[in-house]
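Structure file coords.csv (CSV, C-alpha atoms and all ligand atoms) is printed below.
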chain,number,residue,atom,x,y,z
A,15,MET,CA,107.6,-7.9,73.5
A,16,ASN,CA,105.6,-10.9,72.2
A,17,ASP,CA,106.9,-14.3,71.4
A,18,ARG,CA,106.7,-13.8,67.6
A,19,LEU,CA,108.9,-10.7,67.9
A,20,HIS,CA,111.4,-12.6,70.0
A,21,GLN,CA,111.5,-15.3,67.5
A,22,ASN,CA,112.0,-12.9,64.6
A,23,ILE,CA,114.9,-11.2,66.4
A,24,PHE,CA,116.4,-14.6,67.2
A,25,TYR,CA,116.4,-15.8,63.6
A,26,SER,CA,117.5,-12.4,62.2
A,27,ILE,CA,120.7,-12.1,64.2
A,28,ILE,CA,123.7,-12.0,61.9
A,29,GLU,CA,125.9,-14.0,64.3
A,30,GLY,CA,125.3,-17.6,65.1
A,31,VAL,CA,123.3,-18.2,68.3
A,32,LEU,CA,123.1,-21.5,70.2
A,33,LEU,CA,121.1,-22.3,73.3
A,34,ILE,CA,122.9,-25.0,75.4
A,35,SER,CA,121.2,-27.1,78.0
A,36,PRO,CA,122.7,-27.9,81.5
A,37,SER,CA,123.7,-31.3,80.1
A,38,LEU,CA,125.6,-29.5,77.3
A,39,THR,CA,123.3,-30.4,74.5
A,40,ILE,CA,122.2,-28.0,71.8
A,41,GLN,CA,118.6,-27.0,72.4
A,42,GLU,CA,118.1,-24.2,69.9
A,43,SER,CA,120.0,-22.5,67.1
A,44,ASN,CA,119.4,-19.7,64.5
A,45,LEU,CA,119.8,-19.9,60.8
A,46,THR,CA,123.3,-18.5,60.7
A,47,VAL,CA,124.6,-21.5,62.6
A,48,GLU,CA,123.5,-23.8,59.7
A,49,ASP,CA,125.3,-21.5,57.3
A,50,MET,CA,128.5,-21.4,59.4
A,51,PHE,CA,128.7,-25.1,60.0
A,52,HIS,CA,127.4,-26.1,56.6
A,53,ARG,CA,124.9,-28.4,58.4
A,54,SER,CA,121.1,-28.5,58.7
A,55,ARG,CA,119.7,-27.7,62.1
A,56,ASP,CA,118.2,-31.2,62.5
A,57,SER,CA,121.7,-32.8,62.3
A,58,PHE,CA,122.9,-31.2,65.5
A,59,ILE,CA,119.8,-30.2,67.6
A,60,HIS,CA,119.8,-32.3,70.8
A,61,HIS,CA,123.4,-33.4,70.1
A,62,ASN,CA,126.3,-32.5,72.3
A,63,LEU,CA,128.0,-29.1,71.9
A,64,GLU,CA,131.2,-31.0,71.3
A,65,GLU,CA,129.9,-32.0,67.8
A,66,LEU,CA,130.3,-28.5,66.6
A,67,PHE,CA,133.4,-27.7,68.7
A,68,PRO,CA,135.2,-31.0,69.1
A,69,ARG,CA,138.0,-31.6,71.7
A,70,GLN,CA,137.9,-28.1,73.2
A,71,SER,CA,137.9,-28.6,76.9
A,72,HIS,CA,138.5,-24.9,77.6
A,73,LEU,CA,135.1,-24.1,76.0
A,74,LEU,CA,133.2,-26.8,77.9
A,75,ASP,CA,134.8,-25.6,81.1
A,76,LYS,CA,133.6,-22.1,80.5
A,77,VAL,CA,130.1,-23.3,79.6
A,78,ARG,CA,130.0,-25.2,82.9
A,79,LYS,CA,131.2,-22.2,84.8
A,80,VAL,CA,128.5,-20.0,83.3
A,81,LEU,CA,125.9,-22.7,84.4
A,82,ILE,CA,127.2,-22.6,87.9
A,83,THR,CA,128.2,-18.9,88.5
A,84,GLY,CA,126.1,-17.1,85.9
A,85,ALA,CA,129.2,-15.2,84.7
A,86,CYS,CA,129.6,-14.1,81.1
A,87,TYR,CA,132.6,-14.7,78.9
A,88,HIS,CA,133.6,-12.6,76.0
A,89,ASP,CA,136.1,-13.3,73.2
A,90,VAL,CA,136.4,-17.0,73.8
A,91,GLU,CA,138.5,-18.4,70.9
A,92,ALA,CA,137.3,-21.7,69.5
A,93,GLU,CA,137.4,-23.8,66.3
A,94,GLY,CA,134.1,-24.7,64.6
A,95,MET,CA,134.0,-28.1,62.9
A,96,ARG,CA,132.4,-28.7,59.5
A,97,ASN,CA,131.9,-32.2,58.2
A,98,THR,CA,131.3,-31.5,54.5
A,99,PRO,CA,134.1,-31.2,53.6
A,100,SER,CA,135.9,-31.8,56.8
A,101,SER,CA,137.4,-28.5,57.8
A,102,ARG,CA,137.7,-26.2,60.8
A,103,PHE,CA,137.1,-22.4,61.0
A,104,PRO,CA,138.1,-19.9,63.6
A,105,ALA,CA,135.3,-18.6,65.8
A,106,ASN,CA,135.0,-16.0,68.5
A,107,LEU,CA,132.3,-16.8,71.1
A,108,THR,CA,130.4,-14.9,73.7
A,109,LEU,CA,128.9,-17.0,76.5
A,110,SER,CA,126.1,-15.8,78.7
A,111,PRO,CA,123.6,-17.4,81.1
A,112,PHE,CA,120.1,-18.1,79.9
A,113,LEU,CA,117.9,-17.0,82.8
A,114,GLU,CA,114.3,-17.9,83.6
A,115,SER,CA,112.0,-15.2,85.0
A,116,ASP,CA,112.9,-16.2,88.5
A,117,ASP,CA,116.6,-15.6,87.6
A,118,SER,CA,117.5,-19.2,87.8
A,119,ILE,CA,120.1,-20.4,85.2
A,120,GLN,CA,118.4,-22.7,82.6
A,121,GLY,CA,121.2,-22.9,80.1
A,122,VAL,CA,123.9,-21.0,78.2
A,123,VAL,CA,123.5,-18.7,75.2
A,124,ILE,CA,126.5,-18.8,72.9
A,125,LEU,CA,127.0,-16.1,70.2
A,126,ILE,CA,129.3,-17.3,67.5
A,127,LYS,CA,131.2,-15.0,65.1
A,128,ASN,CA,133.0,-16.5,62.1
A,129,MET,CA,136.5,-15.1,62.2
A,130,THR,CA,137.8,-16.6,58.9
A,131,LEU,CA,137.9,-13.5,56.9
A,132,ILE,CA,139.1,-11.3,59.7
A,133,ARG,CA,142.0,-13.7,60.4
A,134,GLU,CA,142.9,-13.8,56.7
A,135,LEU,CA,143.0,-10.0,56.6
A,136,GLU,CA,145.1,-9.8,59.8
A,137,GLU,CA,147.6,-12.3,58.4
A,138,ARG,CA,147.9,-10.6,55.1
A,139,GLN,CA,151.1,-8.8,55.1
A,140,ARG,CA,150.5,-5.1,55.3
A,141,PRO,CA,153.5,-2.9,55.7
A,142,ALA,CA,151.9,-0.3,57.9
A,143,ASP,CA,155.1,0.9,59.5
A,144,HIS,CA,156.5,1.2,56.1
A,145,LEU,CA,153.9,3.8,55.3
A,146,ASN,CA,154.6,5.8,58.4
A,147,ASN,CA,158.3,5.9,57.8
A,148,LEU,CA,157.8,6.6,54.2
A,149,GLY,CA,155.3,9.3,55.1
A,150,GLN,CA,157.7,11.4,57.1
A,151,ILE,CA,160.4,11.3,54.4
A,152,ALA,CA,157.9,11.8,51.6
A,153,MET,CA,156.3,14.9,53.2
A,154,GLY,CA,159.8,16.5,53.6
A,155,MET,CA,160.9,15.6,50.1
A,156,ALA,CA,157.7,16.3,48.2
A,157,HIS,CA,157.9,20.0,48.7
A,158,GLU,CA,161.5,20.2,47.8
A,159,ILE,CA,160.9,18.3,44.6
A,160,ARG,CA,157.9,20.2,43.4
A,161,ASN,CA,159.6,23.6,43.6
A,162,PRO,CA,162.5,23.1,41.2
A,163,LEU,CA,160.2,21.1,39.0
A,164,GLY,CA,158.1,24.2,38.4
A,165,GLY,CA,161.3,26.0,37.3
A,166,ILE,CA,162.4,23.2,35.0
A,167,ARG,CA,158.9,23.0,33.4
A,168,GLY,CA,158.7,26.8,32.9
A,169,SER,CA,162.2,27.0,31.3
A,170,ALA,CA,161.5,24.1,29.0
A,171,GLN,CA,158.4,25.8,27.7
A,172,LEU,CA,160.2,29.1,27.2
A,173,LEU,CA,163.0,27.4,25.3
A,174,ARG,CA,160.5,25.5,23.2
A,175,GLN,CA,159.0,28.8,22.0
A,176,GLU,CA,162.5,30.1,21.0
A,177,ILE,CA,163.6,26.9,19.2
A,178,LYS,CA,162.5,26.4,15.5
A,179,ASN,CA,164.0,22.9,15.0
A,180,LYS,CA,161.0,20.5,15.2
A,181,SER,CA,162.9,17.5,16.6
A,182,HIS,CA,164.5,19.7,19.3
A,183,GLN,CA,161.0,21.0,20.1
A,184,GLU,CA,159.9,17.4,20.6
A,185,TYR,CA,162.7,16.8,23.1
A,186,LEU,CA,161.4,19.7,25.1
A,187,ASP,CA,157.9,18.3,24.9
A,188,ILE,CA,159.2,15.2,26.5
A,189,VAL,CA,160.8,17.3,29.3
A,190,VAL,CA,157.5,18.9,30.0
A,191,SER,CA,155.5,15.7,30.0
A,192,GLU,CA,158.0,13.9,32.2
A,193,VAL,CA,158.0,16.8,34.6
A,194,ASP,CA,154.2,16.5,34.7
A,195,ARG,CA,154.5,12.8,35.4
A,196,ILE,CA,156.9,13.4,38.4
A,197,ASN,CA,154.6,16.1,39.6
A,198,ARG,CA,151.6,13.8,39.6
A,199,MET,CA,153.5,11.1,41.3
A,200,VAL,CA,154.7,13.5,44.1
A,201,LYS,CA,151.1,14.7,44.5
A,202,ARG,CA,149.9,11.1,44.9
A,203,MET,CA,152.7,10.4,47.3
A,204,MET,CA,151.6,13.4,49.4
A,205,ASP,CA,148.0,12.1,49.3
A,206,LEU,CA,149.3,8.8,50.6
A,207,THR,CA,151.0,10.3,53.6
A,208,ARG,CA,148.8,13.3,54.5
A,209,PRO,CA,146.0,12.6,57.0
A,210,LEU,CA,142.8,12.5,55.1
A,211,ASP,CA,140.2,15.1,56.0
A,212,LEU,CA,137.1,13.0,55.1
A,213,LYS,CA,133.9,14.9,54.2
A,214,LEU,CA,131.4,12.3,55.2
A,215,ALA,CA,127.9,12.3,53.7
A,216,SER,CA,125.3,9.7,52.9
A,217,THR,CA,126.6,8.2,49.7
A,218,ASN,CA,125.1,6.0,47.1
A,219,ILE,CA,127.8,3.6,46.1
A,220,HIS,CA,126.1,2.7,42.8
A,221,LYS,CA,126.3,6.3,41.7
A,222,VAL,CA,130.0,6.4,42.5
A,223,LEU,CA,130.6,3.2,40.5
A,224,GLU,CA,128.6,4.3,37.5
A,225,GLU,CA,130.5,7.6,37.3
A,226,ILE,CA,133.8,5.7,37.3
A,227,LEU,CA,132.6,3.1,34.8
A,228,MET,CA,131.5,5.9,32.5
A,229,LEU,CA,134.9,7.5,32.6
A,230,GLU,CA,136.7,4.2,32.0
A,231,LYS,CA,134.4,2.6,29.5
A,232,ASP,CA,136.4,3.7,26.4
A,233,SER,CA,139.6,2.2,27.5
A,234,LEU,CA,137.9,-1.1,28.1
A,235,THR,CA,136.0,-0.9,24.8
A,236,ARG,CA,139.4,-0.4,23.1
A,237,LYS,CA,140.3,-3.9,24.3
A,238,ASN,CA,136.9,-5.2,23.1
A,239,GLY,CA,136.0,-5.8,26.7
A,240,ARG,CA,132.9,-4.8,28.7
A,241,PHE,CA,131.7,-4.1,32.2
A,242,GLU,CA,129.0,-6.3,33.7
A,243,GLN,CA,127.2,-4.7,36.7
A,244,VAL,CA,125.4,-6.9,39.2
A,245,TYR,CA,124.1,-4.5,41.7
A,246,ASP,CA,122.0,-5.2,44.8
A,247,PRO,CA,119.2,-2.6,44.5
A,248,SER,CA,118.5,-2.9,48.2
A,249,LEU,CA,122.0,-1.8,49.2
A,250,PRO,CA,121.8,0.9,51.8
A,251,PRO,CA,123.6,4.3,51.4
A,252,ILE,CA,126.9,4.5,53.4
A,253,GLU,CA,128.5,7.3,55.3
A,254,ALA,CA,131.5,8.2,53.1
A,255,ASP,CA,133.5,10.8,51.3
A,256,GLU,CA,132.3,10.4,47.7
A,257,ASP,CA,135.4,12.0,46.1
A,258,GLN,CA,137.7,9.8,48.0
A,259,LEU,CA,135.8,6.7,47.2
A,260,LYS,CA,135.8,7.7,43.5
A,261,GLN,CA,139.6,7.6,43.7
A,262,VAL,CA,139.5,4.1,45.2
A,263,PHE,CA,137.3,2.7,42.5
A,264,LEU,CA,139.1,4.5,39.8
A,265,ASN,CA,142.3,2.9,40.8
A,266,LEU,CA,140.8,-0.6,41.1
A,267,ILE,CA,138.9,-0.4,37.8
A,268,LYS,CA,142.0,0.9,36.1
A,269,ASN,CA,144.0,-2.0,37.4
A,270,ALA,CA,141.3,-4.4,36.2
A,271,ILE,CA,141.3,-2.9,32.8
A,272,GLU,CA,145.1,-2.8,32.6
A,273,ALA,CA,145.2,-6.5,33.5
A,274,SER,CA,142.4,-7.5,31.1
A,275,ARG,CA,143.1,-9.3,27.9
A,276,LYS,CA,141.3,-8.7,24.6
A,277,GLY,CA,137.5,-9.3,24.9
A,278,GLY,CA,137.7,-9.6,28.7
A,279,LYS,CA,134.8,-9.0,31.0
A,280,ILE,CA,135.0,-7.1,34.2
A,281,GLN,CA,132.3,-7.8,36.7
A,282,ILE,CA,131.3,-5.2,39.4
A,283,ILE,CA,129.1,-6.8,42.1
A,284,THR,CA,127.6,-5.1,45.1
A,285,ARG,CA,126.0,-6.8,48.0
A,286,VAL,CA,125.6,-6.6,51.8
A,287,SER,CA,128.2,-8.6,53.6
A,288,SER,CA,126.9,-11.1,56.2
A,289,GLY,CA,130.0,-13.0,57.1
A,290,TYR,CA,132.2,-10.1,58.1
A,291,ALA,CA,131.9,-7.1,60.1
A,292,VAL,CA,134.4,-4.4,60.8
A,293,LYS,CA,134.7,-3.1,64.3
A,294,PRO,CA,136.2,0.4,64.5
A,295,ALA,CA,138.0,1.2,67.7
A,296,SER,CA,135.4,3.9,68.4
A,297,SER,CA,132.5,1.5,68.2
A,298,PRO,CA,131.7,-1.1,70.8
A,299,VAL,CA,129.8,-3.4,68.4
A,300,PRO,CA,130.5,-4.7,64.9
A,301,GLN,CA,128.9,-2.9,62.0
A,302,GLN,CA,127.1,-4.1,58.9
A,303,ASN,CA,129.1,-3.8,55.7
A,304,ILE,CA,128.5,-3.5,52.1
A,305,VAL,CA,130.9,-5.2,49.7
A,306,VAL,CA,131.9,-4.1,46.2
A,307,GLU,CA,133.6,-6.8,44.2
A,308,ILE,CA,135.6,-6.1,41.1
A,309,ILE,CA,136.3,-9.3,39.2
A,310,ASP,CA,138.6,-9.4,36.2
A,311,SER,CA,139.6,-12.4,34.1
A,312,GLY,CA,142.9,-10.8,33.2
A,313,GLU,CA,146.5,-11.8,33.7
A,314,GLY,CA,146.3,-12.3,37.5
A,315,MET,CA,149.4,-12.1,39.7
A,316,ASP,CA,152.0,-14.4,41.1
A,317,GLU,CA,152.5,-14.8,44.8
A,318,ALA,CA,155.4,-12.4,45.0
A,319,THR,CA,153.3,-9.6,43.5
A,320,GLN,CA,150.4,-10.4,45.8
A,321,LYS,CA,152.6,-10.1,48.8
A,322,LYS,CA,153.8,-6.6,47.8
A,323,LEU,CA,150.4,-5.3,46.5
A,324,PHE,CA,150.1,-2.5,49.1
A,325,THR,CA,153.8,-1.6,49.3
A,326,PRO,CA,154.2,1.9,47.8
A,327,PHE,CA,156.1,2.0,44.5
A,328,HIS,CA,155.8,-1.7,43.9
A,329,THR,CA,154.7,-2.0,40.3
A,330,THR,CA,155.0,-4.4,37.4
A,331,LYS,CA,154.0,-1.9,34.8
A,332,GLN,CA,156.3,0.2,32.7
A,333,LYS,CA,154.4,3.4,33.4
A,334,GLY,CA,153.0,2.5,36.7
A,335,SER,CA,153.8,4.3,39.9
A,336,GLY,CA,152.8,1.6,42.3
A,337,LEU,CA,150.7,4.0,44.4
A,338,GLY,CA,147.2,3.1,43.2
A,339,LEU,CA,146.6,0.3,45.7
A,340,PRO,CA,148.4,1.8,48.7
A,341,ILE,CA,146.3,5.0,48.3
A,342,SER,CA,143.1,3.1,47.9
A,343,LEU,CA,143.9,1.1,51.0
A,344,LYS,CA,144.5,4.2,53.0
A,345,ILE,CA,141.2,5.7,51.9
A,346,VAL,CA,139.2,2.6,52.6
A,347,GLU,CA,140.9,2.1,56.1
A,348,ASP,CA,140.1,5.7,56.9
A,349,HIS,CA,136.5,4.7,56.3
A,350,HIS,CA,137.0,1.8,58.7
A,351,GLY,CA,136.8,-0.6,55.8
A,352,LYS,CA,139.0,-3.3,54.4
A,353,ILE,CA,140.3,-4.5,51.0
A,354,LYS,CA,140.8,-8.1,50.2
A,355,VAL,CA,142.5,-9.3,47.0
A,356,THR,CA,142.5,-12.8,45.7
A,357,SER,CA,144.2,-13.7,42.4
A,358,GLU,CA,145.5,-16.5,40.4
A,359,LYS,CA,148.2,-16.1,37.8
A,360,GLY,CA,146.8,-16.4,34.3
A,361,LEU,CA,143.1,-16.6,35.5
A,362,GLY,CA,142.2,-13.2,37.0
A,363,THR,CA,141.8,-11.2,40.1
A,364,THR,CA,139.0,-10.4,42.5
A,365,VAL,CA,139.2,-7.3,44.6
A,366,GLN,CA,136.7,-6.9,47.5
A,367,VAL,CA,136.1,-3.6,49.2
A,368,PHE,CA,134.3,-3.8,52.5
A,369,LEU,CA,132.7,-0.6,53.8
A,370,PRO,CA,130.7,-0.1,56.9
A,371,THR,CA,127.2,1.2,56.4
A,372,GLY,CA,127.3,3.1,59.6
A,373,LYS,CA,124.3,1.0,60.8
A,374,ARG,CA,124.7,-1.5,63.6
A,401,LIG,N1,143.6,-6.5,38.8
A,401,LIG,C1,144.9,-6.7,38.8
A,401,LIG,N2,145.3,-7.8,38.0
A,401,LIG,C2,146.6,-8.1,38.0
A,401,LIG,N3,147.6,-7.4,38.6
A,401,LIG,C3,147.2,-6.4,39.4
A,401,LIG,C4,145.8,-6.0,39.5
A,401,LIG,N4,145.8,-4.9,40.4
A,401,LIG,C5,147.0,-4.7,40.8
A,401,LIG,N5,147.9,-5.5,40.2
A,401,LIG,C6,149.4,-5.6,40.4
A,401,LIG,O1,149.7,-4.8,41.5
A,401,LIG,C7,150.6,-3.8,41.2
A,401,LIG,C8,150.4,-2.6,42.0
A,401,LIG,O2,149.1,-2.0,41.6
A,401,LIG,P1,148.9,-0.4,41.9
A,401,LIG,O3,147.6,0.0,41.4
A,401,LIG,O4,149.3,-0.1,43.3
A,401,LIG,O5,150.0,0.3,41.0
A,401,LIG,P2,150.1,0.3,39.4
A,401,LIG,O6,148.8,0.0,38.8
A,401,LIG,O7,151.3,-0.5,39.0
A,401,LIG,O8,150.5,1.9,39.2
A,401,LIG,P3,149.4,3.1,39.4
A,401,LIG,O9,148.1,2.6,39.9
A,401,LIG,O10,150.1,4.0,40.3
A,401,LIG,O11,149.3,3.7,38.0
A,401,LIG,C9,150.5,-3.6,39.7
A,401,LIG,O12,151.7,-3.1,39.1
A,401,LIG,C10,150.1,-5.0,39.2
A,401,LIG,O13,151.3,-5.8,39.1
A,402,MG,MG,147.1,0.9,39.5

Can the structure from this file be put into structure tokens for me?
Ligand SMILES: Nc1ncnc2c1ncn2[C@@H]1O[C@H](COP(=O)(O)OP(=O)(O)OP(=O)(O)O)[C@@H](O)[C@H]1O
Ligand SMILES: [Mg+2]
Amino acid sequence: MNDRLHQNIFYSIIEGVLLISPSLTIQESNLTVEDMFHRSRDSFIHHNLEELFPRQSHLLDKVRKVLITGACYHDVEAEGMRNTPSSRFPANLTLSPFLESDDSIQGVVILIKNMTLIRELEERQRPADHLNNLGQIAMGMAHEIRNPLGGIRGSAQLLRQEIKNKSHQEYLDIVVSEVDRINRMVKRMMDLTRPLDLKLASTNIHKVLEEILMLEKDSLTRKNGRFEQVYDPSLPPIEADEDQLKQVFLNLIKNAIEASRKGGKIQIITRVSSGYAVKPASSPVPQQNIVVEIIDSGEGMDEATQKKLFTPFHTTKQKGSGLGLPISLKIVEDHHGKIKVTSEKGLGTTVQVFLPTGKR
């Protein structure tokens, strides 16, 4: 490989890369480091490593050990320091020796991964066990509920044909439509608990989104609202189950419409994620992700609702089942993706769906 190629690789790496000299000064860095630390390269080149990671003796100790022994260290936890504004961010570092052609150690290469988003997602309360317990009960009950429902529905329909009194007929119509509602809910509950059999294929996320937006356009127009799509045309296709993803975005778009006020705009943005990579257990390296953001300027949510977002049956809507988000999360997680929700009461909600492209 020639020097130019080396240089291109160095600058293209999605993680931060630093080259540290034996006297622990920063000799080289790639562009991601500037982004991570909100600092220009000139402000830290030839400065001590401690400027980016102040007062972290465990890190300096390890760098010195690499210089002496040539050993590598993975998963070194550290805190990066930003000056403007003054703040720290969690980082995960990999240290390895920088070797000359004669195998002598000339410095240390540090790979830096920004863990802010991952930490946030980990901390977000997600009642996973809840789902498992619920799953077992639900699977048992769902069957038992649906059978008699069939009987009730059939009898109500027969009775309706016999009865001539209009208002009595209407009562029976209510019986049928409410039975249908329970049926739909039980079916969704089963969806939530059954292991998904994903049919993966190369999927164009914009096509998925456009189909859903077409379906839901009328309900937003009724509120005088509109969708605004900001798509990244260079977005790569992803390995996904198209039908399942449609369910996810249908749920999310419906929620955004339901939360919207008159004349509200809903933005749908797609882009490639640089700051965050999901690492499925089966894959040794992080993967590149695409992000779909659904941003509404609707009613937003208070803290209590945000904490319970993914709890099955938690709803603030009269006709809601509280299953839309838990089902969406399950589908996205089965694709090794993540969902992040940020919201402010009265201002609106942003839902971010991260999905791996399958590329590394
Ligand atoms: N975009 C949003 N804006 C404001 N609140 C939201 C938004 N999305 C979800 N929520 C809140 O989260 C709750 C749970 O959402 P979820 O989609 O799981 O269920 P639901 O919409 O109530 O019912 P379902 O989707 O089953 O019809 C909602 O009742 C609502 O309070
Ligand atoms: Mg919903």

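With all atoms listed in the file as the basis for measurement, A:Leu337 is the residue among A:Leu337, A:Leu249, A:Leu107, A:Val222 that approaches ligand MG 402 (chain A) most closely.
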
Just the residues within 10 Å of region 154-162 of chain A, please, counting all atoms listed in the file, with nothing from its chain fewer than 4 positions along; format it as a compact mmCIF listing (two decimals) with C-alpha atoms, keeping the file's coordinate frame.
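To be explicit, this is the file written out as around-v3.txt:
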# COMPACT_ATOMS: atom_id res chain seq x y z
CA GLY A 149 155.30 9.30 55.10
CA GLN A 150 157.70 11.40 57.10
CA ILE A 166 162.40 23.20 35.00
CA ARG A 167 158.90 23.00 33.40
CA GLY A 168 158.70 26.80 32.90
CA VAL A 193 158.00 16.80 34.60
CA ILE A 196 156.90 13.40 38.40
CA ASN A 197 154.60 16.10 39.60
CA ARG A 198 151.60 13.80 39.60
CA MET A 199 153.50 11.10 41.30
CA VAL A 200 154.70 13.50 44.10
CA LYS A 201 151.10 14.70 44.50
CA ARG A 202 149.90 11.10 44.90
CA MET A 203 152.70 10.40 47.30
CA MET A 204 151.60 13.40 49.40

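Residue nearest Leu63 (chain A), chosen from A:Glu114, A:Glu42, A:Asp255, A:Glu184 and counting only C-alpha atoms: A:Glu42.
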
task = Take the point (132.5, 10.1, 46.2) as written in the file and pick out every residue within 12 Å of it, counting all atoms listed in the file; give the list as a PyMOL selection string.
result = chain A and resi 212-226+251-264+345-346

query = Can you tell me which residues sit at most 8 Å away from ligand MG 402 (chain A), counting all atoms listed in the file, written as a ChimeraX atom specification?
reply = /A:265-266,268-269,334-339

key: Best match for closeness to ligand LIG 401 (chain A) among A:Leu343, A:Leu173, A:Ile82, A:Ala273, counting only C-alpha atoms and all ligand atoms   =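 Checking each of A:Leu343, A:Leu173, A:Ile82, A:Ala273 against ligand LIG 401 (chain A), counting only C-alpha atoms and all ligand atoms, the winner is A:Ala273.
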
request  = Report as an MDAnalysis selection string which protein, DNA and RNA residues come within 9 Å of ligand LIG 401 (chain A), using only C-alpha atoms and all ligand atoms.
outcome  = chainID A and resid 199 202 265:274 308:316 319:320 322:342 355 357:359 362:365

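Between CA of Gln120 (chain A) and CA of Asp17 (chain A) the separation is 18.1 Å.
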
ask   = Restricting the calculation to all atoms listed in the file, which member of A:Asp89, A:Asp187, A:Glu65, A:Asp117 is positioned closest to Ser169 (chain A)?
value =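 That would be A:Asp187, the residue with the smallest distance to Ser169 (chain A).
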
ask   = Using only C-alpha atoms, which residues sit within 9 Å of Leu135 (chain A) once same-chain residues fewer than 6 positions away are excluded, as a ChimeraX atom specification?
value = /A:352-354

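Of note, CA of Val31 (chain A) and CA of Asp56 (chain A) are spaced 15.1 Å apart.
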
Point-to-point distance from CA of Arg53 (chain A) to CA of Thr98 (chain A), Å rounded to tenths =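 That distance, rounded to one decimal, is 8.1 Å.
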
ask   = Any idea what's packed within 10 Å of Thr83 (chain A), counting only C-alpha atoms, ignoring anything in its chain fewer than 3 positions away? Could you give it as a list in words?
value =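 My reading of the contact set: Arg78, Lys79, Val80, Cys86, Pro111 and Ile119 of chain A.
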
Will you model N, CA and C atoms for region 21-32 of chain A and pass it back as a compact mmCIF listing (two decimals), in the frame of the given file?
# COMPACT_ATOMS: atom_id res chain seq x y z
N GLN A 21 111.06 -14.32 68.46
CA GLN A 21 111.50 -15.30 67.50
C GLN A 21 112.14 -14.69 66.28
N ASN A 22 111.50 -13.61 65.80
CA ASN A 22 112.00 -12.90 64.60
C ASN A 22 113.44 -12.38 64.92
N ILE A 23 113.59 -11.79 66.09
CA ILE A 23 114.90 -11.20 66.40
C ILE A 23 115.93 -12.39 66.46
N PHE A 24 115.54 -13.47 67.11
CA PHE A 24 116.40 -14.60 67.20
C PHE A 24 116.92 -15.11 65.87
N TYR A 25 115.98 -15.24 64.94
CA TYR A 25 116.40 -15.80 63.60
C TYR A 25 117.07 -14.75 62.75
N SER A 26 116.92 -13.46 63.08
CA SER A 26 117.50 -12.40 62.20
C SER A 26 118.95 -12.09 62.61
N ILE A 27 119.38 -12.54 63.77
CA ILE A 27 120.70 -12.10 64.20
C ILE A 27 121.77 -12.62 63.25
N ILE A 28 122.68 -11.72 62.92
CA ILE A 28 123.70 -12.00 61.90
C ILE A 28 124.75 -12.96 62.38
N GLU A 29 124.91 -13.03 63.69
CA GLU A 29 125.90 -14.00 64.30
C GLU A 29 125.14 -15.27 64.60
N GLY A 30 125.93 -16.36 64.76
CA GLY A 30 125.30 -17.60 65.10
C GLY A 30 124.88 -17.58 66.60
N VAL A 31 123.73 -18.14 66.88
CA VAL A 31 123.30 -18.20 68.30
C VAL A 31 122.90 -19.65 68.61
N LEU A 32 123.43 -20.14 69.75
CA LEU A 32 123.10 -21.50 70.20
C LEU A 32 122.54 -21.36 71.64
